[in-house]
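Asks: Contents of query_30.cif (mmCIF, C-alpha atoms) are given next:
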data_upload
#
loop_
_atom_site.label_atom_id
_atom_site.label_comp_id
_atom_site.auth_asym_id
_atom_site.auth_seq_id
_atom_site.Cartn_x
_atom_site.Cartn_y
_atom_site.Cartn_z
CA MET M 1 15.60 -14.03 15.34
CA SER M 2 14.39 -11.73 18.11
CA THR M 3 14.23 -13.19 21.63
CA SER M 4 13.10 -10.04 23.43
CA PRO M 5 9.61 -9.90 25.02
CA PHE M 6 8.36 -7.60 22.29
CA GLN M 7 4.68 -7.18 21.45
CA SER M 8 4.25 -7.26 17.68
CA PRO M 9 2.08 -4.55 16.12
CA ASP M 10 -1.44 -5.42 14.93
CA ILE M 11 -0.48 -5.00 11.29
CA ILE M 12 2.96 -5.66 9.83
CA THR M 13 4.05 -4.79 6.31
CA PHE M 14 7.33 -4.44 4.45
CA GLY M 15 8.71 -3.24 1.16
CA GLU M 16 10.58 -0.46 -0.58
CA SER M 17 10.21 3.15 0.49
CA MET M 18 11.99 5.64 -1.73
CA GLY M 19 12.97 9.24 -1.68
CA LEU M 20 10.46 11.28 -3.68
CA LEU M 21 11.38 14.44 -5.53
CA THR M 22 8.57 16.39 -7.18
CA ALA M 23 9.05 19.12 -9.78
CA ARG M 24 7.02 22.09 -8.67
CA ASP M 25 6.37 23.71 -11.97
CA THR M 26 4.35 22.56 -14.95
CA ARG M 27 7.19 22.89 -17.46
CA GLY M 28 8.34 19.42 -16.47
CA LEU M 29 11.43 18.04 -14.79
CA GLU M 30 13.83 19.16 -17.51
CA TYR M 31 13.10 22.84 -16.91
CA ALA M 32 11.99 22.82 -13.25
CA ALA M 33 14.06 25.11 -11.04
CA THR M 34 13.15 23.46 -7.72
CA LEU M 35 12.16 20.02 -6.43
CA ASP M 36 10.17 19.22 -3.29
CA LYS M 37 11.65 16.38 -1.20
CA THR M 38 9.68 13.75 0.69
CA PHE M 39 9.29 9.96 0.39
CA GLY M 40 6.78 7.37 -0.66
CA GLY M 41 6.14 3.65 -0.72
CA ALA M 42 2.89 1.70 -0.80
CA GLU M 43 3.69 -0.30 2.31
CA SER M 44 4.98 2.54 4.49
CA ASN M 45 2.02 4.66 3.34
CA LEU M 46 -0.30 1.93 4.59
CA ALA M 47 1.55 1.55 7.90
CA ILE M 48 1.28 5.29 8.53
CA GLY M 49 -2.41 5.24 7.59
CA VAL M 50 -3.16 2.42 10.04
CA ALA M 51 -1.26 4.18 12.84
CA ARG M 52 -3.19 7.40 12.26
CA LEU M 53 -6.44 5.45 12.55
CA GLY M 54 -5.52 4.35 16.06
CA HIS M 55 -3.94 0.92 15.60
CA THR M 56 -0.40 -0.36 15.96
CA SER M 57 1.54 -0.98 12.77
CA GLY M 58 5.03 -2.01 11.85
CA TRP M 59 7.00 -1.44 8.66
CA PHE M 60 10.36 -2.84 7.75
CA GLY M 61 12.58 -2.89 4.72
CA ARG M 62 16.12 -2.14 3.64
CA LEU M 63 17.19 1.47 3.13
CA GLY M 64 20.56 2.88 2.23
CA ASN M 65 22.55 4.32 5.12
CA ASP M 66 22.45 7.68 3.37
CA PRO M 67 20.67 11.02 3.93
CA ILE M 68 17.50 9.93 2.11
CA GLY M 69 17.34 6.59 3.92
CA ASN M 70 17.81 8.22 7.31
CA MET M 71 15.16 10.83 6.50
CA ILE M 72 12.67 8.09 5.56
CA LEU M 73 13.33 5.98 8.66
CA LYS M 74 12.97 8.95 11.02
CA ALA M 75 9.76 10.13 9.34
CA ILE M 76 8.08 6.72 9.48
CA ARG M 77 9.11 6.31 13.12
CA GLY M 78 7.82 9.81 13.84
CA GLU M 79 4.37 8.74 12.60
CA GLY M 80 4.18 6.14 15.37
CA VAL M 81 5.03 3.16 13.15
CA ASP M 82 7.33 0.50 14.61
CA VAL M 83 10.52 0.36 12.51
CA SER M 84 12.52 -1.87 14.84
CA ARG M 85 13.04 -4.49 12.10
CA ALA M 86 14.10 -2.03 9.37
CA LYS M 87 17.74 -2.10 8.27
CA LEU M 88 20.15 0.49 6.91
CA SER M 89 22.64 -0.81 4.37
CA ASP M 90 26.18 0.52 3.89
CA HIS M 91 26.42 -1.27 0.54
CA GLU M 92 23.38 -0.20 -1.49
CA PRO M 93 21.61 3.15 -1.86
CA THR M 94 18.05 4.15 -1.06
CA GLY M 95 15.84 4.08 -4.16
CA LEU M 96 14.58 7.32 -5.65
CA MET M 97 11.54 8.38 -7.66
CA ILE M 98 11.08 11.72 -9.37
CA ARG M 99 7.61 12.94 -10.25
CA GLU M 100 6.69 15.62 -12.77
CA ASN M 101 3.51 17.10 -14.17
CA ALA M 102 4.43 18.47 -17.57
CA SER M 103 1.61 20.15 -19.48
CA GLY M 104 -0.98 18.32 -17.39
CA LYS M 105 0.56 14.88 -17.92
CA ALA M 106 1.86 13.23 -14.75
CA SER M 107 4.91 10.94 -14.98
CA VAL M 108 7.11 9.10 -12.51
CA HIS M 109 10.76 8.24 -13.15
CA TYR M 110 12.23 5.45 -10.98
CA TYR M 111 15.86 5.10 -9.92
CA ARG M 112 15.62 1.89 -7.92
CA LYS M 113 17.71 -0.73 -9.72
CA LEU M 114 20.26 -2.27 -7.30
CA SER M 115 18.68 -0.32 -4.44
CA ALA M 116 18.99 -1.47 -0.84
CA ALA M 117 15.38 -2.71 -0.89
CA SER M 118 15.97 -4.85 -3.98
CA ALA M 119 18.65 -6.71 -2.01
CA MET M 120 16.10 -7.82 0.61
CA THR M 121 16.12 -11.58 1.27
CA PRO M 122 14.17 -13.99 3.51
CA ASP M 123 17.04 -13.65 6.00
CA ASP M 124 15.77 -10.12 6.68
CA LEU M 125 12.56 -11.55 8.17
CA ASP M 126 11.98 -11.97 11.91
CA PRO M 127 9.57 -14.94 12.11
CA GLU M 128 8.53 -14.20 15.71
CA TYR M 129 7.72 -10.60 14.80
CA ILE M 130 5.45 -11.66 11.93
CA ALA M 131 3.88 -14.50 13.90
CA GLY M 132 2.84 -12.09 16.66
CA ALA M 133 0.80 -9.85 14.35
CA LYS M 134 -2.89 -10.04 13.54
CA ILE M 135 -2.48 -9.18 9.84
CA LEU M 136 0.48 -9.32 7.45
CA HIS M 137 0.06 -6.98 4.47
CA VAL M 138 2.17 -7.53 1.35
CA THR M 139 2.15 -6.05 -2.15
CA GLY M 140 3.13 -7.07 -5.64
CA ILE M 141 5.65 -4.23 -5.76
CA THR M 142 8.03 -6.06 -3.43
CA ALA M 143 7.60 -9.17 -5.58
CA ALA M 144 8.48 -7.15 -8.69
CA ILE M 145 11.64 -5.35 -7.60
CA SER M 146 13.86 -8.47 -7.55
CA GLU M 147 13.84 -12.27 -7.38
CA SER M 148 14.98 -12.04 -3.75
CA GLY M 149 12.14 -9.61 -3.08
CA LEU M 150 9.65 -12.18 -4.36
CA SER M 151 11.29 -14.90 -2.26
CA THR M 152 10.97 -12.65 0.79
CA VAL M 153 7.25 -12.09 0.16
CA GLU M 154 6.67 -15.83 -0.24
CA ALA M 155 8.64 -16.62 2.92
CA ALA M 156 6.72 -13.99 4.93
CA ILE M 157 3.38 -15.38 3.75
CA HIS M 158 4.49 -18.89 4.73
CA ILE M 159 5.46 -17.69 8.23
CA ALA M 160 2.11 -15.89 8.62
CA LYS M 161 0.05 -18.87 7.43
CA GLN M 162 1.91 -21.24 9.76
CA ALA M 163 1.19 -18.90 12.70
CA GLY M 164 -2.48 -18.32 11.86
CA VAL M 165 -1.87 -14.66 10.96
CA LYS M 166 -4.25 -13.28 8.33
CA VAL M 167 -2.63 -12.29 5.02
CA SER M 168 -3.69 -9.18 3.11
CA PHE M 169 -2.43 -8.79 -0.47
CA ASP M 170 -2.60 -5.77 -2.77
CA PRO M 171 -1.23 -6.71 -6.23
CA ASN M 172 -0.24 -3.09 -6.92
CA LEU M 173 0.64 -3.91 -10.52
CA ARG M 174 3.41 -1.57 -11.71
CA LEU M 175 3.98 -1.93 -15.44
CA LYS M 176 7.20 0.09 -15.20
CA LEU M 177 8.61 -2.75 -13.09
CA TRP M 178 7.39 -5.74 -15.09
CA SER M 179 5.01 -6.65 -17.89
CA ALA M 180 1.50 -7.95 -17.30
CA GLU M 181 2.62 -11.25 -18.85
CA LYS M 182 5.46 -11.67 -16.36
CA ALA M 183 3.43 -10.41 -13.41
CA ARG M 184 0.34 -12.54 -14.12
CA PRO M 185 1.43 -15.99 -12.81
CA VAL M 186 3.28 -14.50 -9.84
CA LEU M 187 0.52 -12.19 -8.61
CA LEU M 188 -2.26 -14.73 -9.15
CA ARG M 189 -0.25 -17.32 -7.22
CA LEU M 190 0.22 -14.91 -4.32
CA ALA M 191 -3.47 -13.96 -4.43
CA GLU M 192 -4.45 -17.61 -3.90
CA GLN M 193 -2.65 -17.52 -0.53
CA ALA M 194 -4.34 -14.35 0.74
CA ASP M 195 -7.18 -14.08 3.22
CA TYR M 196 -7.94 -10.56 1.96
CA PHE M 197 -7.24 -9.74 -1.68
CA LEU M 198 -7.38 -6.02 -2.51
CA PRO M 199 -6.98 -5.50 -6.28
CA GLY M 200 -8.17 -2.78 -8.60
CA LEU M 201 -10.68 -3.69 -11.29
CA ASP M 202 -8.35 -2.50 -14.07
CA GLU M 203 -5.50 -4.56 -12.61
CA MET M 204 -7.60 -7.70 -12.68
CA LYS M 205 -8.61 -7.08 -16.28
CA LEU M 206 -4.90 -7.14 -17.16
CA LEU M 207 -4.08 -10.10 -14.93
CA TYR M 208 -7.05 -12.15 -16.15
CA ASN M 209 -6.66 -10.85 -19.72
CA GLU M 210 -10.38 -10.12 -19.59
CA GLU M 211 -12.34 -6.97 -20.57
CA SER M 212 -15.70 -7.82 -18.99
CA ASP M 213 -16.32 -6.54 -15.45
CA GLU M 214 -18.80 -9.34 -14.86
CA LYS M 215 -16.37 -12.10 -15.87
CA VAL M 216 -13.62 -10.62 -13.71
CA LEU M 217 -15.96 -10.59 -10.72
CA GLU M 218 -17.08 -14.16 -11.46
CA ARG M 219 -13.49 -15.39 -11.40
CA LEU M 220 -12.75 -13.51 -8.19
CA ALA M 221 -15.90 -14.95 -6.58
CA ALA M 222 -14.41 -18.43 -7.02
CA MET M 223 -11.46 -17.53 -4.77
CA ASP M 224 -11.35 -18.49 -1.10
CA ALA M 225 -10.23 -14.99 -0.11
CA VAL M 226 -12.45 -12.06 0.75
CA CYS M 227 -11.96 -9.91 -2.38
CA ILE M 228 -12.27 -6.15 -2.21
CA VAL M 229 -12.21 -4.74 -5.74
CA LYS M 230 -11.40 -1.04 -6.04
CA GLY M 231 -12.26 1.07 -9.06
CA GLY M 232 -15.84 0.15 -9.92
CA PRO M 233 -18.25 2.79 -11.27
CA ASP M 234 -18.28 5.07 -8.19
CA LEU M 235 -18.19 2.06 -5.91
CA THR M 236 -16.07 -0.74 -4.48
CA TYR M 237 -17.08 -4.38 -4.89
CA VAL M 238 -16.97 -6.73 -1.90
CA LEU M 239 -16.96 -10.47 -2.62
CA ALA M 240 -17.37 -12.35 0.66
CA ASP M 241 -19.05 -15.66 1.51
CA GLY M 242 -20.37 -16.00 -2.03
CA THR M 243 -22.11 -12.62 -1.90
CA LEU M 244 -21.36 -9.55 -4.02
CA THR M 245 -21.94 -6.20 -2.29
CA GLU M 246 -21.51 -2.78 -3.86
CA VAL M 247 -20.21 -0.13 -1.43
CA PRO M 248 -20.52 3.43 -2.84
CA TYR M 249 -17.70 5.98 -2.74
CA PHE M 250 -17.77 9.09 -0.60
CA LYS M 251 -17.97 12.24 -2.69
CA ALA M 252 -14.81 14.32 -2.54
CA ASP M 253 -15.26 18.08 -2.34
CA GLN M 254 -12.08 18.56 -4.36
CA VAL M 255 -9.49 16.30 -6.01
CA LEU M 256 -5.95 17.60 -5.69
CA ASP M 257 -3.78 14.47 -5.87
CA THR M 258 -4.92 10.89 -6.54
CA VAL M 259 -1.55 9.33 -5.61
CA GLY M 260 -1.87 7.36 -2.38
CA ALA M 261 -5.63 6.88 -2.63
CA GLY M 262 -5.29 3.10 -2.95
CA ASP M 263 -2.95 2.89 0.03
CA GLY M 264 -5.35 5.08 2.02
CA PHE M 265 -8.19 2.75 1.09
CA CYS M 266 -6.25 -0.34 2.17
CA ALA M 267 -5.26 1.31 5.47
CA GLY M 268 -8.89 2.17 6.18
CA PHE M 269 -10.10 -1.31 5.26
CA LEU M 270 -7.56 -3.11 7.43
CA ALA M 271 -8.12 -0.70 10.33
CA GLY M 272 -11.83 -1.43 9.99
CA LEU M 273 -11.18 -5.17 10.32
CA LEU M 274 -9.17 -4.50 13.49
CA LYS M 275 -12.13 -2.52 14.84
CA GLY M 276 -14.31 -5.60 14.36
CA TYR M 277 -16.16 -4.34 11.29
CA THR M 278 -17.61 -6.66 8.66
CA PRO M 279 -15.79 -6.61 5.28
CA GLN M 280 -18.57 -4.37 3.96
CA GLU M 281 -18.28 -1.91 6.87
CA ALA M 282 -14.49 -1.96 6.62
CA THR M 283 -14.78 -1.20 2.89
CA ARG M 284 -16.94 1.83 3.68
CA LEU M 285 -14.19 3.08 6.02
CA GLY M 286 -11.63 2.38 3.28
CA ASN M 287 -13.66 4.37 0.78
CA LEU M 288 -13.88 7.32 3.16
CA ASN M 289 -10.17 7.19 3.94
CA GLY M 290 -9.31 7.13 0.24
CA SER M 291 -11.62 10.04 -0.52
CA MET M 292 -9.97 12.15 2.19
CA VAL M 293 -6.46 11.39 0.88
CA ILE M 294 -7.16 12.71 -2.64
CA GLN M 295 -8.29 16.08 -1.29
CA ALA M 296 -4.72 17.08 -0.39
CA VAL M 297 -1.29 16.73 -1.97
CA GLY M 298 1.16 14.01 -0.95
CA ASP M 299 1.60 10.23 -0.95
CA TRP M 300 0.98 9.86 2.81
CA GLU M 301 0.82 13.35 4.30
CA ALA M 302 -2.95 13.61 3.75
CA LEU M 303 -3.81 10.31 5.44
CA PRO M 304 -6.48 11.20 8.04
CA THR M 305 -6.46 10.55 11.77
CA TRP M 306 -9.28 8.65 13.44
CA ALA M 307 -10.55 11.92 14.93
CA GLN M 308 -10.77 13.43 11.42
CA VAL M 309 -12.56 10.35 10.11
CA GLU M 310 -15.04 10.40 12.99
CA ALA M 311 -15.68 14.11 12.43
CA LYS M 312 -16.40 13.40 8.76
CA LEU M 313 -18.72 10.52 9.61
CA ASN M 314 -20.55 12.64 12.17
CA ASN M 315 -20.54 15.66 9.84
CA VAL M 316 -18.88 17.87 12.44
CA ALA M 317 -18.36 21.44 11.26
CA HIS M 318 -14.81 22.79 11.24
CA VAL M 319 -14.29 25.81 13.50
CA GLU M 320 -11.58 28.03 12.03
CA ARG M 321 -11.07 30.19 15.15
#
Can the structure from this file be put into structure tokens for me?
Replies:
Amino acid sequence: MSTSPFQSPDIITFGESMGLLTARDTRGLEYAATLDKTFGGAESNLAIGVARLGHTSGWFGRLGNDPIGNMILKAIRGEGVDVSRAKLSDHEPTGLMIRENASGKASVHYYRKLSAASAMTPDDLDPEYIAGAKILHVTGITAAISESGLSTVEAAIHIAKQAGVKVSFDPNLRLKLWSAEKARPVLLRLAEQADYFLPGLDEMKLLYNEESDEKVLERLAAMDAVCIVKGGPDLTYVLADGTLTEVPYFKADQVLDTVGAGDGFCAGFLAGLLKGYTPQEATRLGNLNGSMVIQAVGDWEALPTWAQVEAKLNNVAHVER
């Protein structure tokens, strides 16, 4: 446990960040001659997004003490995110994902079994660090990667609730990690403990085993949490205080890469809450942030700064030179 007089960031999150290799050409990974190297992870994406929007954020997790792990840690730190609680392991490697777009069909291949992040345990948590935050953000991905990962999520939520820290939860259902049947009881149990629940509409159809949009929204309305449901027909649903509000999307001029849009949305929403916005206003900021992310390539590289968001909101023209 930390005893130093350290000021915790506004938002704290944790999970697995992996090296990301992307095949450049459309013949697919098998025949690609070159791979672009970067990294990705829902939680570190969010932490970077929050920092770019002008608020303090912290990310921690376990990475391998290897070239990829060191690259990830330095890059996240370089984005202004506090990584003081992250750990490098000499015993397990950093996870890896390889992305390809073969004949117009995008696929991701994961190499994360027995990764450093999957070895995370509740002992990796600093209770004082979490208790000093305003919001703890967790995802279902960390719960899916291992039993100890799930235990760590549950322990972090318990620490936050005891300290009066708000809990934000994105289920981030990944069917390559576990089946909907296995994920269902776990993710719904975690959702019940959240103050802000940020699912996608399609995710909830799988988790509720329900095809009707209306019935999904009815069940979510019965929850105590503020529910922000992404993926409606050109809009995001906000369920707060027994009221359903529809917040329209921002039109994107071009769509180059949809990966990271959800993390961009969540970063915008949580940053909006920190700015004192209502859930509806924060959702509008989340929608704008997500729409800006998909107009460039990369998991986190396209996350906008607050100056860029303000320029978009104020419709400021770009001066080339």
Asks: Can you list, as a compact mmCIF listing (two decimals) with C-alpha atoms, in the frame of the given file, the residues that the PyMOL selection byres ((chain M and resi 81-94) around 6) selects here?
Replies:
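That gives us selection-v6.txt:
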# COMPACT_ATOMS: atom_id res chain seq x y z
CA SER M 57 1.54 -0.98 12.77
CA GLY M 58 5.03 -2.01 11.85
CA TRP M 59 7.00 -1.44 8.66
CA PHE M 60 10.36 -2.84 7.75
CA GLY M 61 12.58 -2.89 4.72
CA ARG M 62 16.12 -2.14 3.64
CA LEU M 63 17.19 1.47 3.13
CA GLY M 64 20.56 2.88 2.23
CA ASN M 65 22.55 4.32 5.12
CA GLY M 69 17.34 6.59 3.92
CA ILE M 76 8.08 6.72 9.48
CA ARG M 77 9.11 6.31 13.12
CA GLU M 79 4.37 8.74 12.60
CA GLY M 80 4.18 6.14 15.37
CA GLY M 95 15.84 4.08 -4.16
CA SER M 115 18.68 -0.32 -4.44
CA ALA M 116 18.99 -1.47 -0.84
Asks: With distances taken over only C-alpha atoms, which of M:Thr22, M:Gly232, M:Leu150, M:Ala131 is nearest to Val108 of chain M?
Replies: M:Thr22
Asks: Need the neighbours of (13.1, -11.0, 3.9): which residues are at most 8 Å away, counting all atoms listed in the file, as an MDAnalysis selection string?
Replies: chainID M and resid 120:125 148:149 151:153 155:156
Asks: Please measure the separation of atom CA of Leu217 of chain M and atom CA of Phe197 of chain M, giving the value in Å to one decimal.
Replies: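 Computing it gives 12.6 Å between the two atoms.
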Asks: Pick the closest to Tyr111 of chain M from M:Gly19, M:Pro67, M:Gly54, M:Pro199: which is it, counting only C-alpha atoms?
Replies: M:Gly19
Asks: Tell me, in Å to one decimal, how far atom CA of Glu214 of chain M is from atom CA of Ala191 of chain M.
Replies: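 Computing it gives 19.1 Å between the two atoms.
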Asks: Applying 12 Å and all atoms listed in the file, which residues near Ala144 of chain M remain after dropping the ones on its own chain fewer than 6 positions away? List them as a PyMOL selection string.
Replies: chain M and resi 15-16+112-113+117-118+138+150-153+171-180+182-184+186-187
Asks: In Å, with one decimal, what is the gap from atom CA of Gly140 of chain M to atom CA of Ala23 of chain M?
Replies: 27.2 Å
Asks: Name the closest residue to Glu181 of chain M among the candidates M:Ile48, M:Leu207, M:Leu96, M:Val293; distances are taken between atoms, counting all atoms listed in the file.
Replies: M:Leu207
Asks: Given the choices M:Thr139, M:Thr236, M:Thr243, M:Thr26, which gets closest to Leu288 of chain M if the distance is worked out from only C-alpha atoms?
Replies: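 Checking each of M:Thr139, M:Thr236, M:Thr243, M:Thr26 against Leu288 of chain M, counting only C-alpha atoms, the winner is M:Thr236.
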Asks: Just the residues within 9 Å of Asp234 of chain M, please, counting only C-alpha atoms, with nothing from its chain fewer than 4 positions along; format it as a compact mmCIF listing (two decimals) with C-alpha atoms, in the coordinates of the input.
Replies:
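The resulting out.txt:
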# COMPACT_ATOMS: atom_id res chain seq x y z
CA VAL M 247 -20.21 -0.13 -1.43
CA PRO M 248 -20.52 3.43 -2.84
CA TYR M 249 -17.70 5.98 -2.74
CA PHE M 250 -17.77 9.09 -0.60
Asks: On this structure, the PyMOL selection byres ((chain M and resi 204) around 10) would catch which residues? List them as a list in words, sorted by chain and number.
Replies: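 When the PyMOL selection byres ((chain M and resi 204) around 10) is applied, the selected residues are Pro171, Leu173, Arg184, Leu188, Pro199, Gly200, Leu201, Asp202, Glu203, Lys205, Leu206, Leu207, Tyr208, Asn209, Glu210, Glu211, Asp213, Val216, Leu217, Arg219, Leu220 and Val229 of chain M.
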Asks: Write out as a PyMOL selection string which residues come within 8 Å of Ala240 of chain M when counting all atoms listed in the file, dropping same-chain ones fewer than 6 positions away.
Replies: chain M and resi 221+225-227+279
Asks: Given the choices M:Leu285, M:Leu29, M:Met292, M:Leu35, which gets closest to Asp253 of chain M if the distance is worked out from all atoms listed in the file?
Replies: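 Selected residue with least distance to Asp253 of chain M: M:Met292.
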Asks: Near Ser107 of chain M, counting all atoms listed in the file, which residues have an atom at most 10 Å away, once you skip same-chain residues fewer than 6 positions from it, shown as a PyMOL selection string?
Replies: chain M and resi 28-29+98-101
Asks: Can you pull out the residues contacting Leu303 of chain M? Cut-off 8 Å, using all atoms listed in the file, and skip same-chain residues under 2 positions away; I want them as a PDB file with C-alpha atoms, in the frame of the given file.
Replies:
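This is the output file result_12.pdb:
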ATOM      1  CA  ILE M  48       1.280   5.290   8.530  1.00  0.00           C
ATOM      2  CA  GLY M  49      -2.410   5.240   7.590  1.00  0.00           C
ATOM      3  CA  ARG M  52      -3.190   7.400  12.260  1.00  0.00           C
ATOM      4  CA  GLY M 264      -5.350   5.080   2.020  1.00  0.00           C
ATOM      5  CA  ASN M 289     -10.170   7.190   3.940  1.00  0.00           C
ATOM      6  CA  MET M 292      -9.970  12.150   2.190  1.00  0.00           C
ATOM      7  CA  VAL M 293      -6.460  11.390   0.880  1.00  0.00           C
ATOM      8  CA  TRP M 300       0.980   9.860   2.810  1.00  0.00           C
ATOM      9  CA  GLU M 301       0.820  13.350   4.300  1.00  0.00           C
ATOM     10  CA  THR M 305      -6.460  10.550  11.770  1.00  0.00           C
TER      11      THR M 305
END
Asks: Using the chain letters and residue numbers of this document, give as a short mmCIF file (atom, residue, chain, number, x, y, z; two decimals) with C-alpha atoms, in the frame of the given file the residues selected by the PyMOL selection byres ((chain M and resi 166) around 10).
Replies:
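Here's the written file expr-v1.cif:
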data_model
loop_
_atom_site.label_atom_id
_atom_site.label_comp_id
_atom_site.auth_asym_id
_atom_site.auth_seq_id
_atom_site.Cartn_x
_atom_site.Cartn_y
_atom_site.Cartn_z
CA ILE M 11 -0.48 -5.00 11.29
CA ALA M 131 3.88 -14.50 13.90
CA ALA M 133 0.80 -9.85 14.35
CA LYS M 134 -2.89 -10.04 13.54
CA ILE M 135 -2.48 -9.18 9.84
CA LEU M 136 0.48 -9.32 7.45
CA HIS M 137 0.06 -6.98 4.47
CA ILE M 157 3.38 -15.38 3.75
CA ALA M 160 2.11 -15.89 8.62
CA LYS M 161 0.05 -18.87 7.43
CA ALA M 163 1.19 -18.90 12.70
CA GLY M 164 -2.48 -18.32 11.86
CA VAL M 165 -1.87 -14.66 10.96
CA VAL M 167 -2.63 -12.29 5.02
CA SER M 168 -3.69 -9.18 3.11
CA GLN M 193 -2.65 -17.52 -0.53
CA ALA M 194 -4.34 -14.35 0.74
CA ASP M 195 -7.18 -14.08 3.22
CA TYR M 196 -7.94 -10.56 1.96
#
Asks: Could you check which of M:Lys37, M:Pro233, M:Leu270, M:Glu30 is closest to Thr13 of chain M, using all atoms listed in the file?
Replies: M:Leu270
Asks: Here's a test: counting only C-alpha atoms, identify every protein, DNA and RNA residue with an atom at most 8 Å from (-10.2, -0.1, 1.9) in the file's coordinate frame, and state them as a list in words.
Replies: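 The residues that fall inside the cut-off are Leu198, Ile228, Gly262, Gly264, Phe265, Cys266, Ala267, Gly268, Phe269, Leu270, Ala282, Thr283, Arg284, Leu285, Gly286, Asn287, Asn289 and Gly290 of chain M.
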